[in-house]
file entry-v8.txt (compact mmCIF, C-alpha atoms (C1' of nucleotides))
# COMPACT_ATOMS: atom_id res chain seq x y z
CA MET A 909 -25.29 -240.76 115.44
CA PRO A 910 -28.36 -238.50 115.70
CA ASP A 911 -31.83 -239.94 115.45
CA PRO A 912 -32.63 -240.83 111.84
CA ARG A 913 -35.49 -239.07 110.16
CA PRO A 914 -38.83 -240.90 110.52
CA ARG A 915 -39.75 -242.71 107.36
CA ASP A 916 -42.64 -240.66 105.97
CA ALA A 917 -42.24 -239.80 102.32
CA ASN A 918 -45.29 -237.52 102.13
CA ALA A 919 -44.24 -235.47 105.15
CA THR A 920 -40.67 -235.25 103.90
CA ARG A 921 -41.77 -234.03 100.49
CA ALA A 922 -44.12 -231.49 102.03
CA GLY A 923 -41.41 -230.30 104.41
CA ILE A 924 -38.96 -229.77 101.58
CA LEU A 925 -41.57 -227.89 99.57
CA SER A 926 -42.47 -225.65 102.49
CA ALA A 927 -38.85 -224.90 103.31
CA ALA A 928 -38.13 -224.20 99.65
CA ARG A 929 -41.05 -221.78 99.30
CA SER A 930 -40.01 -219.85 102.37
CA LEU A 931 -36.32 -219.71 101.54
CA PHE A 932 -36.84 -218.91 97.85
CA ALA A 933 -39.18 -216.08 98.91
CA GLN A 934 -36.56 -214.62 101.22
CA ASN A 935 -33.43 -215.25 99.14
CA GLY A 936 -34.37 -216.02 95.57
CA TYR A 937 -33.37 -218.91 93.34
CA ASP A 938 -29.68 -218.06 93.17
CA GLY A 939 -29.47 -217.04 96.83
CA ILE A 940 -30.32 -220.46 98.23
CA SER A 941 -28.62 -223.82 97.80
CA LEU A 942 -30.22 -227.22 97.98
CA ARG A 943 -28.19 -227.80 101.13
CA ASP A 944 -29.77 -224.72 102.72
CA ILE A 945 -33.20 -226.13 101.92
CA ALA A 946 -32.31 -229.59 103.16
CA ASN A 947 -30.97 -228.07 106.35
CA GLN A 948 -34.17 -226.09 106.95
CA ALA A 949 -36.32 -229.13 106.19
CA GLN A 950 -33.99 -231.23 108.34
CA CYS A 951 -33.45 -233.87 105.74
CA ASN A 952 -30.67 -235.14 103.52
CA VAL A 953 -29.82 -233.23 100.34
CA ALA A 954 -30.14 -236.31 98.18
CA LEU A 955 -33.82 -236.56 99.06
CA ILE A 956 -34.52 -233.33 97.20
CA SER A 957 -33.14 -234.74 93.99
CA ARG A 958 -35.07 -237.95 94.55
CA TYR A 959 -38.42 -236.28 95.22
CA PHE A 960 -38.22 -233.34 92.85
CA GLY A 961 -35.63 -234.24 90.24
CA SER A 962 -33.78 -230.94 90.03
CA LYS A 963 -33.56 -227.51 91.61
CA ASP A 964 -35.47 -226.09 88.65
CA GLU A 965 -38.36 -228.49 89.15
CA LEU A 966 -38.44 -227.84 92.88
CA PHE A 967 -38.60 -224.09 92.28
CA LEU A 968 -41.32 -224.55 89.70
CA GLU A 969 -43.49 -226.53 92.09
CA ALA A 970 -42.77 -224.23 95.05
CA VAL A 971 -43.90 -221.20 93.05
CA SER A 972 -46.74 -222.60 90.97
CA GLU A 973 -49.40 -222.08 93.62
CA GLY A 974 -50.76 -219.40 91.40
CA PHE A 975 -52.20 -216.05 92.20
CA ASN A 976 -55.95 -216.33 91.78
CA LEU A 977 -57.20 -213.25 90.01
CA SER A 978 -60.81 -214.39 90.03
CA ASP A 979 -61.00 -213.87 93.81
CA ILE A 980 -60.77 -210.16 93.22
CA ALA A 981 -62.19 -209.75 89.74
CA ASN A 982 -65.44 -211.49 90.63
CA THR A 983 -66.43 -208.69 92.93
CA ASP A 984 -68.04 -205.35 92.29
CA ARG A 985 -66.31 -203.39 89.55
CA GLN A 986 -66.30 -200.25 91.69
CA HIS A 987 -64.28 -201.93 94.43
CA PHE A 988 -61.71 -203.71 92.30
CA GLY A 989 -58.97 -201.22 93.16
CA GLU A 990 -59.59 -201.39 96.86
CA ASN A 991 -59.91 -205.17 96.92
CA LEU A 992 -56.71 -205.73 94.98
CA ALA A 993 -54.78 -203.16 97.01
CA ARG A 994 -56.00 -204.71 100.24
CA TYR A 995 -55.10 -208.18 99.05
CA ILE A 996 -51.52 -207.18 98.29
CA LEU A 997 -51.02 -205.04 101.37
CA SER A 998 -52.64 -207.29 103.92
CA LYS A 999 -50.03 -208.84 106.19
CA ARG A 1000 -52.41 -211.65 106.99
CA GLN A 1001 -51.87 -212.98 103.51
CA ARG A 1002 -48.09 -212.91 103.70
CA GLY A 1003 -47.79 -216.64 103.20
CA ALA A 1004 -49.92 -216.33 100.10
CA LEU A 1005 -47.46 -213.87 98.60
CA GLU A 1006 -44.43 -216.15 99.00
CA PRO A 1007 -44.56 -217.38 95.41
CA LEU A 1008 -44.63 -213.79 94.12
CA GLN A 1009 -41.76 -212.79 96.38
CA ALA A 1010 -39.77 -215.82 95.29
CA LEU A 1011 -40.22 -214.85 91.65
CA LEU A 1012 -39.37 -211.20 92.27
CA ARG A 1013 -36.19 -212.28 94.04
CA SER A 1014 -35.16 -214.65 91.27
CA THR A 1015 -34.76 -212.29 88.33
CA SER A 1016 -31.08 -213.18 88.07
CA ASN A 1017 -32.07 -216.63 86.87
CA SER A 1018 -33.29 -217.16 83.33
CA THR A 1019 -35.49 -220.16 84.12
CA ALA A 1020 -37.30 -218.29 86.87
CA THR A 1021 -37.63 -215.16 84.73
CA ALA A 1022 -39.08 -217.12 81.82
CA LEU A 1023 -41.56 -218.75 84.18
CA MET A 1024 -42.58 -215.40 85.59
CA GLN A 1025 -43.01 -213.88 82.13
CA ASP A 1026 -45.39 -216.69 81.27
CA ILE A 1027 -47.38 -216.53 84.51
CA LEU A 1028 -47.65 -212.75 84.32
CA GLU A 1029 -48.93 -212.67 80.78
CA THR A 1030 -51.22 -215.70 80.69
CA GLN A 1031 -52.55 -215.79 84.25
CA PHE A 1032 -52.77 -212.10 85.03
CA ILE A 1033 -52.52 -209.56 82.24
CA ALA A 1034 -54.47 -211.40 79.54
CA PRO A 1035 -57.51 -212.33 81.65
CA LEU A 1036 -57.48 -208.95 83.35
CA ALA A 1037 -57.41 -207.18 79.99
CA THR A 1038 -60.45 -209.17 78.90
CA TRP A 1039 -62.23 -208.34 82.14
CA LEU A 1040 -61.33 -204.65 81.87
CA GLY A 1041 -62.33 -204.17 78.25
CA GLY A 1042 -62.34 -200.76 76.59
CA GLU A 1043 -59.46 -198.95 74.94
CA ASN A 1044 -55.85 -200.02 75.51
CA ALA A 1045 -57.06 -202.84 77.74
CA ASN A 1046 -53.76 -204.70 77.51
CA LEU A 1047 -51.70 -201.66 78.43
CA ARG A 1048 -54.00 -200.82 81.32
CA ALA A 1049 -53.87 -204.42 82.57
CA ALA A 1050 -50.07 -204.43 82.29
CA THR A 1051 -50.00 -201.20 84.28
CA VAL A 1052 -52.09 -202.78 87.01
CA ALA A 1053 -49.56 -205.60 87.05
CA ALA A 1054 -46.74 -203.06 87.27
CA ILE A 1055 -48.35 -201.42 90.31
CA ILE A 1056 -48.73 -204.77 92.07
CA ILE A 1057 -45.16 -205.76 91.26
CA GLY A 1058 -43.83 -202.37 92.31
CA VAL A 1059 -45.68 -202.33 95.62
CA ALA A 1060 -44.67 -205.91 96.40
CA THR A 1061 -41.04 -205.16 95.56
CA THR A 1062 -40.88 -201.91 97.50
CA ARG A 1063 -42.67 -203.29 100.52
CA ASP A 1064 -41.75 -206.96 100.80
CA VAL A 1065 -38.44 -207.21 98.97
CA LEU A 1066 -36.80 -203.86 99.65
CA GLU A 1067 -38.75 -203.36 102.87
CA SER A 1068 -38.92 -199.60 102.47
CA PRO A 1069 -39.39 -198.02 105.93
CA SER A 1070 -41.59 -195.29 104.45
CA PHE A 1071 -43.92 -198.04 103.32
CA LEU A 1072 -43.76 -200.26 106.35
CA LYS A 1073 -44.41 -197.41 108.78
CA SER A 1074 -47.71 -196.52 107.10
CA SER A 1075 -50.87 -198.13 108.35
CA LEU A 1076 -52.79 -200.60 106.23
CA GLU A 1077 -55.69 -198.18 105.82
CA LYS A 1078 -53.53 -195.25 104.73
CA SER A 1079 -51.73 -197.49 102.25
CA VAL A 1080 -54.98 -198.80 100.83
CA GLU A 1081 -56.31 -195.25 100.55
CA THR A 1082 -53.24 -194.25 98.59
CA ILE A 1083 -52.91 -197.18 96.22
CA ALA A 1084 -56.52 -198.25 95.59
CA PRO A 1085 -57.47 -195.15 93.52
CA LEU A 1086 -54.43 -195.65 91.28
CA ILE A 1087 -55.64 -199.11 90.33
CA GLN A 1088 -59.25 -198.00 90.14
CA ALA A 1089 -58.27 -195.25 87.69
CA LEU A 1090 -57.21 -198.00 85.29
CA VAL A 1091 -60.56 -199.77 85.63
CA ASN A 1092 -62.56 -196.64 84.78
CA PRO A 1093 -60.38 -194.82 82.29
CA MET B 640 -0.39 -217.21 71.46
CA PRO B 641 -2.95 -214.50 70.65
CA ASP B 642 -2.00 -210.85 70.65
CA PRO B 643 -1.61 -209.59 74.18
CA ARG B 644 -3.88 -206.84 75.37
CA PRO B 645 -2.46 -203.34 74.82
CA ARG B 646 -1.08 -201.87 78.01
CA ASP B 647 -3.61 -199.16 78.92
CA ALA B 648 -4.79 -199.33 82.48
CA ASN B 649 -7.44 -196.61 82.17
CA ALA B 650 -9.01 -198.17 79.09
CA THR B 651 -8.94 -201.61 80.68
CA ARG B 652 -10.61 -200.38 83.83
CA ALA B 653 -13.26 -198.53 81.84
CA GLY B 654 -13.86 -201.58 79.66
CA ILE B 655 -14.38 -203.80 82.66
CA LEU B 656 -16.75 -201.28 84.22
CA SER B 657 -18.79 -200.95 81.04
CA ALA B 658 -19.01 -204.71 80.54
CA ALA B 659 -19.99 -205.17 84.18
CA ARG B 660 -22.76 -202.57 84.00
CA SER B 661 -24.23 -204.12 80.90
CA LEU B 662 -24.01 -207.72 82.09
CA PHE B 663 -25.23 -206.98 85.61
CA ALA B 664 -28.20 -205.13 84.08
CA GLN B 665 -29.09 -208.12 81.93
CA ASN B 666 -28.30 -210.94 84.37
CA GLY B 667 -28.00 -209.57 87.89
CA TYR B 668 -25.26 -209.99 90.45
CA ASP B 669 -25.68 -213.73 90.91
CA GLY B 670 -26.29 -214.41 87.23
CA ILE B 671 -22.89 -213.25 86.05
CA SER B 672 -19.40 -214.45 86.95
CA LEU B 673 -16.21 -212.44 86.91
CA ARG B 674 -15.07 -214.66 84.04
CA ASP B 675 -18.15 -213.65 82.05
CA ILE B 676 -17.27 -210.02 82.59
CA ALA B 677 -13.61 -210.55 81.75
CA ASN B 678 -14.65 -212.35 78.61
CA GLN B 679 -16.92 -209.50 77.49
CA ALA B 680 -14.26 -206.92 78.30
CA GLN B 681 -11.70 -209.12 76.56
CA CYS B 682 -9.29 -209.07 79.44
CA ASN B 683 -7.94 -211.46 82.02
CA VAL B 684 -10.01 -212.30 85.11
CA ALA B 685 -7.21 -211.40 87.47
CA LEU B 686 -7.31 -207.81 86.27
CA ILE B 687 -10.77 -207.36 87.75
CA SER B 688 -9.54 -208.24 91.19
CA ARG B 689 -6.55 -205.98 90.72
CA TYR B 690 -8.52 -202.93 89.58
CA PHE B 691 -11.65 -203.30 91.69
CA GLY B 692 -10.68 -205.50 94.61
CA SER B 693 -13.75 -207.73 94.74
CA LYS B 694 -16.95 -208.54 92.90
CA ASP B 695 -18.90 -206.56 95.51
CA GLU B 696 -16.83 -203.45 94.94
CA LEU B 697 -17.10 -203.79 91.17
CA PHE B 698 -20.87 -204.07 91.43
CA LEU B 699 -21.02 -201.10 93.75
CA GLU B 700 -19.09 -198.91 91.34
CA ALA B 701 -20.97 -200.17 88.28
CA VAL B 702 -24.30 -199.29 89.86
CA SER B 703 -23.47 -196.12 91.77
CA GLU B 704 -24.06 -193.78 88.84
CA GLY B 705 -27.12 -192.62 90.65
CA PHE B 706 -30.50 -191.70 89.41
CA ASN B 707 -30.72 -187.93 89.47
CA LEU B 708 -34.11 -186.94 90.81
CA SER B 709 -33.46 -183.22 90.51
CA ASP B 710 -33.60 -183.45 86.70
CA ILE B 711 -37.30 -184.12 86.98
CA ALA B 712 -38.23 -182.46 90.26
CA ASN B 713 -36.82 -179.09 89.22
CA THR B 714 -39.48 -178.69 86.58
CA ASP B 715 -43.04 -177.49 86.73
CA ARG B 716 -45.05 -179.21 89.45
CA GLN B 717 -47.92 -179.83 87.05
CA HIS B 718 -45.74 -181.85 84.69
CA PHE B 719 -43.87 -183.96 87.21
CA GLY B 720 -45.89 -187.07 86.42
CA GLU B 721 -45.43 -186.76 82.70
CA ASN B 722 -41.74 -185.95 82.95
CA LEU B 723 -40.99 -188.87 85.25
CA ALA B 724 -43.08 -191.30 83.21
CA ARG B 725 -41.37 -190.17 80.02
CA TYR B 726 -37.96 -190.50 81.60
CA ILE B 727 -38.58 -194.10 82.63
CA LEU B 728 -40.32 -195.15 79.43
CA SER B 729 -38.04 -193.49 76.94
CA LYS B 730 -35.95 -196.07 75.10
CA ARG B 731 -33.39 -193.45 74.30
CA GLN B 732 -32.36 -193.46 77.91
CA ARG B 733 -31.94 -197.20 78.11
CA GLY B 734 -28.28 -196.97 79.00
CA ALA B 735 -29.16 -194.62 81.83
CA LEU B 736 -31.44 -197.24 83.34
CA GLU B 737 -28.78 -199.95 83.46
CA PRO B 738 -27.94 -199.34 87.12
CA LEU B 739 -31.62 -199.61 88.06
CA GLN B 740 -32.03 -202.79 86.04
CA ALA B 741 -28.90 -204.24 87.60
CA LEU B 742 -30.28 -203.60 91.06
CA LEU B 743 -33.73 -204.98 90.21
CA ARG B 744 -32.10 -208.16 88.88
CA SER B 745 -29.92 -208.59 91.96
CA THR B 746 -32.50 -209.05 94.69
CA SER B 747 -31.19 -212.54 95.40
CA ASN B 748 -28.01 -210.98 96.78
CA SER B 749 -27.99 -209.40 100.21
CA THR B 750 -25.22 -206.90 99.47
CA ALA B 751 -27.02 -205.61 96.40
CA THR B 752 -30.36 -205.50 98.20
CA ALA B 753 -28.91 -203.55 101.12
CA LEU B 754 -27.36 -201.11 98.67
CA MET B 755 -30.66 -200.66 96.87
CA GLN B 756 -32.56 -200.12 100.10
CA ASP B 757 -30.18 -197.33 100.98
CA ILE B 758 -30.26 -195.69 97.55
CA LEU B 759 -34.04 -195.91 97.36
CA GLU B 760 -34.65 -194.34 100.74
CA THR B 761 -31.94 -191.67 100.86
CA GLN B 762 -31.65 -190.66 97.23
CA PHE B 763 -35.24 -191.01 96.09
CA ILE B 764 -38.01 -191.34 98.64
CA ALA B 765 -36.71 -188.92 101.30
CA PRO B 766 -35.95 -185.99 98.97
CA LEU B 767 -39.11 -186.63 96.98
CA ALA B 768 -41.20 -186.62 100.15
CA THR B 769 -39.73 -183.26 101.10
CA TRP B 770 -40.42 -181.91 97.64
CA LEU B 771 -43.98 -183.27 97.65
CA GLY B 772 -44.96 -182.00 101.11
CA GLY B 773 -48.50 -182.30 102.41
CA GLU B 774 -50.09 -185.23 104.19
CA ASN B 775 -48.52 -188.72 104.09
CA ALA B 776 -45.66 -187.36 102.03
CA ASN B 777 -43.44 -190.35 102.76
CA LEU B 778 -46.10 -192.85 101.80
CA ARG B 779 -46.90 -190.94 98.62
CA ALA B 780 -43.22 -190.72 97.71
CA ALA B 781 -42.76 -194.44 98.38
CA THR B 782 -45.74 -195.12 96.13
CA VAL B 783 -44.15 -193.07 93.34
CA ALA B 784 -41.04 -195.22 93.82
CA ALA B 785 -43.20 -198.35 93.67
CA ILE B 786 -44.70 -197.25 90.35
CA ILE B 787 -41.25 -196.60 88.87
CA ILE B 788 -39.93 -199.92 90.13
CA GLY B 789 -43.00 -201.78 88.91
CA VAL B 790 -42.91 -200.25 85.45
CA ALA B 791 -39.17 -200.85 85.09
CA THR B 792 -39.56 -204.45 86.24
CA THR B 793 -42.55 -205.22 84.04
CA ARG B 794 -41.10 -203.53 80.99
CA ASP B 795 -37.33 -203.99 81.14
CA VAL B 796 -36.87 -207.06 83.31
CA LEU B 797 -39.91 -209.17 82.48
CA GLU B 798 -40.32 -207.62 79.05
CA SER B 799 -44.09 -207.92 79.10
CA PRO B 800 -45.34 -207.98 75.49
CA SER B 801 -48.46 -206.03 76.46
CA PHE B 802 -46.16 -203.27 77.61
CA LEU B 803 -43.62 -203.40 74.80
CA LYS B 804 -46.27 -203.36 72.10
CA SER B 805 -47.72 -200.08 73.33
CA SER B 806 -46.39 -196.85 71.92
CA LEU B 807 -44.42 -194.44 74.04
CA GLU B 808 -47.19 -191.86 73.93
CA LYS B 809 -49.94 -194.28 74.95
CA SER B 810 -47.77 -195.53 77.80
CA VAL B 811 -47.02 -192.03 79.02
CA GLU B 812 -50.73 -191.15 78.82
CA THR B 813 -51.54 -194.14 80.98
CA ILE B 814 -48.84 -193.87 83.64
CA ALA B 815 -48.29 -190.10 83.98
CA PRO B 816 -51.67 -189.40 85.65
CA LEU B 817 -51.04 -192.11 88.23
CA ILE B 818 -47.87 -190.37 89.36
CA GLN B 819 -49.44 -186.93 89.10
CA ALA B 820 -52.29 -188.05 91.36
CA LEU B 821 -49.69 -188.52 94.09
CA VAL B 822 -48.33 -185.01 93.57
CA ASN B 823 -51.73 -183.37 93.93
CA PRO B 824 -53.53 -185.55 96.48
C1' DT C 899 22.57 -198.19 80.10
C1' DA C 900 20.59 -200.33 84.61
C1' DC C 901 16.77 -200.71 87.69
C1' DA C 902 12.04 -200.15 89.58
C1' DT C 903 7.22 -199.97 88.47
C1' DT C 904 3.27 -200.93 85.90
C1' DT C 905 0.40 -203.99 83.20
C1' DG C 906 -1.05 -208.28 81.60
C1' DT C 907 -0.93 -213.68 81.54
C1' DC C 908 -1.17 -218.13 83.47
C1' DA C 909 -1.99 -221.52 86.81
C1' DA C 910 -3.64 -222.80 90.91
C1' DC C 911 -6.20 -222.49 95.35
C1' DA C 912 -10.07 -223.47 98.51
C1' DA C 913 -14.81 -223.41 98.88
C1' DG C 914 -19.36 -224.25 97.29
C1' DT C 915 -22.57 -225.98 93.72
C1' DG C 916 -26.19 -229.57 91.77
C1' DT C 917 -26.34 -234.23 91.18
C1' DT C 918 -25.40 -239.31 91.44
C1' DT C 919 -24.11 -243.62 93.34
C1' DA C 920 -23.58 -247.14 96.85
C1' DC C 921 -25.26 -248.67 100.95
C1' DA C 922 -28.18 -249.49 105.28
C1' DA C 923 -32.32 -249.81 107.65
C1' DA C 924 -37.23 -249.87 107.82
C1' DT C 925 -41.53 -251.42 105.77
C1' DG C 926 -44.60 -254.12 102.86
C1' DT C 927 -45.81 -258.62 100.89
C1' DA C 928 -45.81 -263.55 99.70
C1' DT D 450 -40.36 -266.63 107.77
C1' DA D 451 -37.97 -264.82 103.20
C1' DC D 452 -37.66 -261.33 99.75
C1' DA D 453 -38.63 -256.97 97.22
C1' DT D 454 -39.56 -252.15 97.78
C1' DT D 455 -39.36 -247.87 99.98
C1' DT D 456 -37.01 -244.35 102.62
C1' DG D 457 -33.07 -242.20 104.51
C1' DT D 458 -27.74 -241.66 104.95
C1' DA D 459 -23.08 -240.94 103.53
C1' DA D 460 -19.64 -240.05 100.32
C1' DA D 461 -18.15 -238.71 96.26
C1' DC D 462 -18.46 -236.79 91.46
C1' DA D 463 -17.50 -233.08 88.12
C1' DC D 464 -17.92 -228.34 87.74
C1' DT D 465 -17.98 -223.36 88.72
C1' DT D 466 -16.94 -219.73 91.70
C1' DG D 467 -14.04 -215.61 93.65
C1' DT D 468 -9.51 -214.80 94.65
C1' DT D 469 -4.37 -215.06 94.88
C1' DG D 470 0.53 -215.63 93.72
C1' DA D 471 4.33 -216.34 90.51
C1' DC D 472 6.06 -214.85 86.39
C1' DA D 473 6.97 -212.08 81.90
C1' DA D 474 6.98 -208.22 79.14
C1' DA D 475 6.38 -203.39 78.55
C1' DT D 476 7.14 -198.77 80.31
C1' DG D 477 9.13 -195.18 83.19
C1' DT D 478 13.21 -193.21 85.47
C1' DA D 479 17.97 -192.43 87.03
call {"tool": "encode", "arguments": {"input": "entry-v8.txt", "output": "structure tokens"}}
result
Amino acid sequence: MPDPRPRDANATRAGILSAARSLFAQNGYDGISLRDIANQAQCNVALISRYFGSKDELFLEAVSEGFNLSDIANTDRQHFGENLARYILSKRQRGALEPLQALLRSTSNSTATALMQDILETQFIAPLATWLGGENANLRAATVAAIIIGVATTRDVLESPSFLKSSLEKSVETIAPLIQALVNP
Amino acid sequence: MPDPRPRDANATRAGILSAARSLFAQNGYDGISLRDIANQAQCNVALISRYFGSKDELFLEAVSEGFNLSDIANTDRQHFGENLARYILSKRQRGALEPLQALLRSTSNSTATALMQDILETQFIAPLATWLGGENANLRAATVAAIIIGVATTRDVLESPSFLKSSLEKSVETIAPLIQALVNP
DNA sequence: TACATTTGTCAACAAGTGTTTACAAATGTA
DNA sequence: TACATTTGTAAACACTTGTTGACAAATGTA
């Protein structure tokens, strides 16, 4: 028999959550089984059910570390485009984008899609529209969201070589003005 | 016993393909079973294996009706942004976007993702970069792709209300200049 | 007519899924 | 010490999945 897992409920729960976030980000909800997660976390499958209840609830918690719009929106209005572009494109923040990647990779699942619809509208588009103001604020905010989603998908999900080969600065230079154009219409 | 299916191999194959395209577009590769498809096509599951070999091959064929970039790129350079935006946003063309939706909803599956990577790079970004020319052509082309993917995801996959409530003309007015800015850098 | 091929139906398979239950060992508590 | 609780393990469950093989009826062909 191999060594049994040390008895530390907090560490076990955290390990499962970390493994789940990483694997969901790379493979999506339907691309990963609870046994895959248990294997990565080096624990028994039954512990996931015990600590999180169901796969749905685990996914929910793994993904709910929300995107914080206020980090970017609280800055100078003239640099919103650049700040947001840099935030999305910066490799340093890759871990921070895991929840977004997990959601983008889980669009074959209705629970995950419903969750993402809600997060997108209430935590991103609506507050951004208020912050933007002016005409067609909701449409412009939704278009900002579309750019973020498109860049994240093309770069981090589809891993487009044309995107990955470009330097951070060139990428920021290209994408920032597109976002900024929606701030100052 | 219910009436047996009429013996028409061509019609059966076409029915399966049509059902597959529609269901894959709405639910993704991992969100739909062969029995779901057989049920929609009103045929027996075994016929899918017989006519298409495997689920992978069925998906491949259902999705391979490629996006034809030349329809848009052959027009006036000054109207590329508007034409492409209108193409993506036009509801009339919804059926034509089914393959794209199917791919966007199948990012939890490695076969589908690999296929999409290939299609994106060889059939869209590379020819578009050539057509665009100038500095950072590949990055600019990839950014056009990102906008298309983001808009399609936000509108047709996530069905953002802020997007759906906006009129076609307002949407085109908002998105076309973003694309056009990448044509004339 | 006789026979081969095509087309569709039915049942089963092996593998994988999320989840639950029974049990053992460690830890906390009196 | 004695006993309850917590934590981890092992096995099984009911179900769904893609795929296959045996069989029957329709169609084509000589």
call {"tool": "residues_around", "arguments": {"input": "entry-v8.txt", "residues": "range 705-718 of chain B", "least_positions_apart": "2", "cutoff": "8 Å", "atoms": "all atoms listed in the file", "output": "ChimeraX atom specification"}}
result
/B:702-703,720-723,738,762-763,767,770,819,822
call {"tool": "residues_near_point", "arguments": {"input": "entry-v8.txt", "point": "(8.7, -197.2, 85.0)", "cutoff": "7 Å", "atoms": "only C-alpha atoms (C1' of nucleotides)", "output": "CSV table (one decimal) with C-alpha atoms (C1' of nucleotides), in the coordinates of the input"}}
result
chain,number,residue,atom,x,y,z
C,902,DA,C1',12.0,-200.2,89.6
C,903,DT,C1',7.2,-200.0,88.5
C,904,DT,C1',3.3,-200.9,85.9
D,476,DT,C1',7.1,-198.8,80.3
D,477,DG,C1',9.1,-195.2,83.2
D,478,DT,C1',13.2,-193.2,85.5
call {"tool": "atom_distance", "arguments": {"input": "entry-v8.txt", "atom1": "CA of Ser661 in chain B", "atom2": "CA of Phe698 in chain B"}}
result
11.1 Å
call {"tool": "residues_near_point", "arguments": {"input": "entry-v8.txt", "point": "(-4.4, -221.5, 84.9)", "cutoff": "12 Å", "atoms": "all atoms listed in the file", "output": "PyMOL selection string"}}
result
(chain B and resi 683-685) or (chain C and resi 907-911) or (chain D and resi 469-471)
call {"tool": "atom_distance", "arguments": {"input": "entry-v8.txt", "atom1": "CA of Pro1093 in chain A", "atom2": "CA of Val796 in chain B"}}
result
26.5 Å
call {"tool": "closest_residue", "arguments": {"input": "entry-v8.txt", "among": "B:Lys694, B:Arg660, B:Lys809, B:Arg652", "to": "chain D", "atoms": "only C-alpha atoms (C1' of nucleotides)"}}
result
B:Lys694
call {"tool": "interface_residues", "arguments": {"input": "entry-v8.txt", "of": "chain B", "to": "chain C", "cutoff": "9 Å", "atoms": "only C-alpha atoms (C1' of nucleotides)", "output": "ChimeraX atom specification"}}
result
/B:643-648,682-683,685-686
call {"tool": "residues_around", "arguments": {"input": "entry-v8.txt", "residues": "range 739-750 of chain B", "least_positions_apart": "6", "cutoff": "10 Å", "atoms": "only C-alpha atoms (C1' of nucleotides)", "output": "MDAnalysis selection string"}}
result
(chainID A and resid 932:940 1010 1012:1017 1021 1061 1065:1066) or (chainID B and resid 659:670 695 698:699 701:706 733 756 788:789 791:792 795:796)
call {"tool": "atom_distance", "arguments": {"input": "entry-v8.txt", "atom1": "CA of Glu1006 in chain A", "atom2": "CA of Ala785 in chain B"}}
result
18.6 Å
call {"tool": "closest_atom_pairs", "arguments": {"input": "entry-v8.txt", "of": "chain D", "to": "chain B", "cutoff": "8 Å", "atoms": "all atoms listed in the file", "output": "Markdown table"}}
result
| residue | atom | partner | partner_atom | distance |
| --- | --- | --- | --- | --- |
| D:DT466 | C1' | B:Ser672 | CA | 7.5 |
| D:DG467 | C1' | B:Lys694 | CA | 7.7 |
| D:DT468 | C1' | B:Ser688 | CA | 7.4 |
| D:DA475 | C1' | B:Arg646 | CA | 7.6 |
call {"tool": "write_last_selection", "arguments": {"input": "entry-v8.txt", "atoms": "C-alpha atoms (C1' of nucleotides)", "output": "tab-separated table (two decimals), in the frame of the given file"}}
result
chain	number	residue	atom	x	y	z
D	466	DT	C1'	-16.94	-219.73	91.70
D	467	DG	C1'	-14.04	-215.61	93.65
D	468	DT	C1'	-9.51	-214.80	94.65
D	475	DA	C1'	6.38	-203.39	78.55
call {"tool": "closest_residue", "arguments": {"input": "entry-v8.txt", "among": "A:Gly923, A:Pro1069, A:Pro1035, A:Gly1003", "to": "chain B", "atoms": "all atoms listed in the file"}}
result
A:Pro1069
call {"tool": "closest_residue", "arguments": {"input": "entry-v8.txt", "among": "A:Asn1092, A:Asn1044, A:Ser998, A:Ser1068", "to": "Val1080 in chain A", "atoms": "only C-alpha atoms"}}
result
A:Ser998
call {"tool": "decode", "arguments": {"input": "entry-v8.txt", "residues": "range 706-727 of chain B", "atoms": "C-alpha atoms", "output": "PDB file, in the first residue's frame"}}
result
ATOM      1  CA  PHE B 706     -15.803  30.339 -44.058  1.00  0.00           C
ATOM      2  CA  ASN B 707     -15.073  31.971 -47.390  1.00  0.00           C
ATOM      3  CA  LEU B 708     -12.892  34.991 -46.800  1.00  0.00           C
ATOM      4  CA  SER B 709     -12.698  35.919 -50.471  1.00  0.00           C
ATOM      5  CA  ASP B 710     -16.369  36.973 -50.445  1.00  0.00           C
ATOM      6  CA  ILE B 711     -15.409  39.914 -48.292  1.00  0.00           C
ATOM      7  CA  ALA B 712     -11.781  40.499 -49.209  1.00  0.00           C
ATOM      8  CA  ASN B 713     -12.529  40.818 -52.914  1.00  0.00           C
ATOM      9  CA  THR B 714     -14.427  44.031 -52.351  1.00  0.00           C
ATOM     10  CA  ASP B 715     -13.311  47.597 -51.955  1.00  0.00           C
ATOM     11  CA  ARG B 716     -10.542  47.991 -49.399  1.00  0.00           C
ATOM     12  CA  GLN B 717     -12.331  50.930 -47.793  1.00  0.00           C
ATOM     13  CA  HIS B 718     -15.408  48.859 -47.011  1.00  0.00           C
ATOM     14  CA  PHE B 719     -13.739  45.718 -45.710  1.00  0.00           C
ATOM     15  CA  GLY B 720     -14.578  46.522 -42.094  1.00  0.00           C
ATOM     16  CA  GLU B 721     -18.200  47.229 -42.804  1.00  0.00           C
ATOM     17  CA  ASN B 722     -18.630  44.200 -45.043  1.00  0.00           C
ATOM     18  CA  LEU B 723     -17.065  41.809 -42.562  1.00  0.00           C
ATOM     19  CA  ALA B 724     -18.973  43.267 -39.620  1.00  0.00           C
ATOM     20  CA  ARG B 725     -22.229  43.039 -41.553  1.00  0.00           C
ATOM     21  CA  TYR B 726     -21.497  39.471 -42.556  1.00  0.00           C
ATOM     22  CA  ILE B 727     -20.968  38.363 -38.966  1.00  0.00           C
TER      23      ILE B 727
END
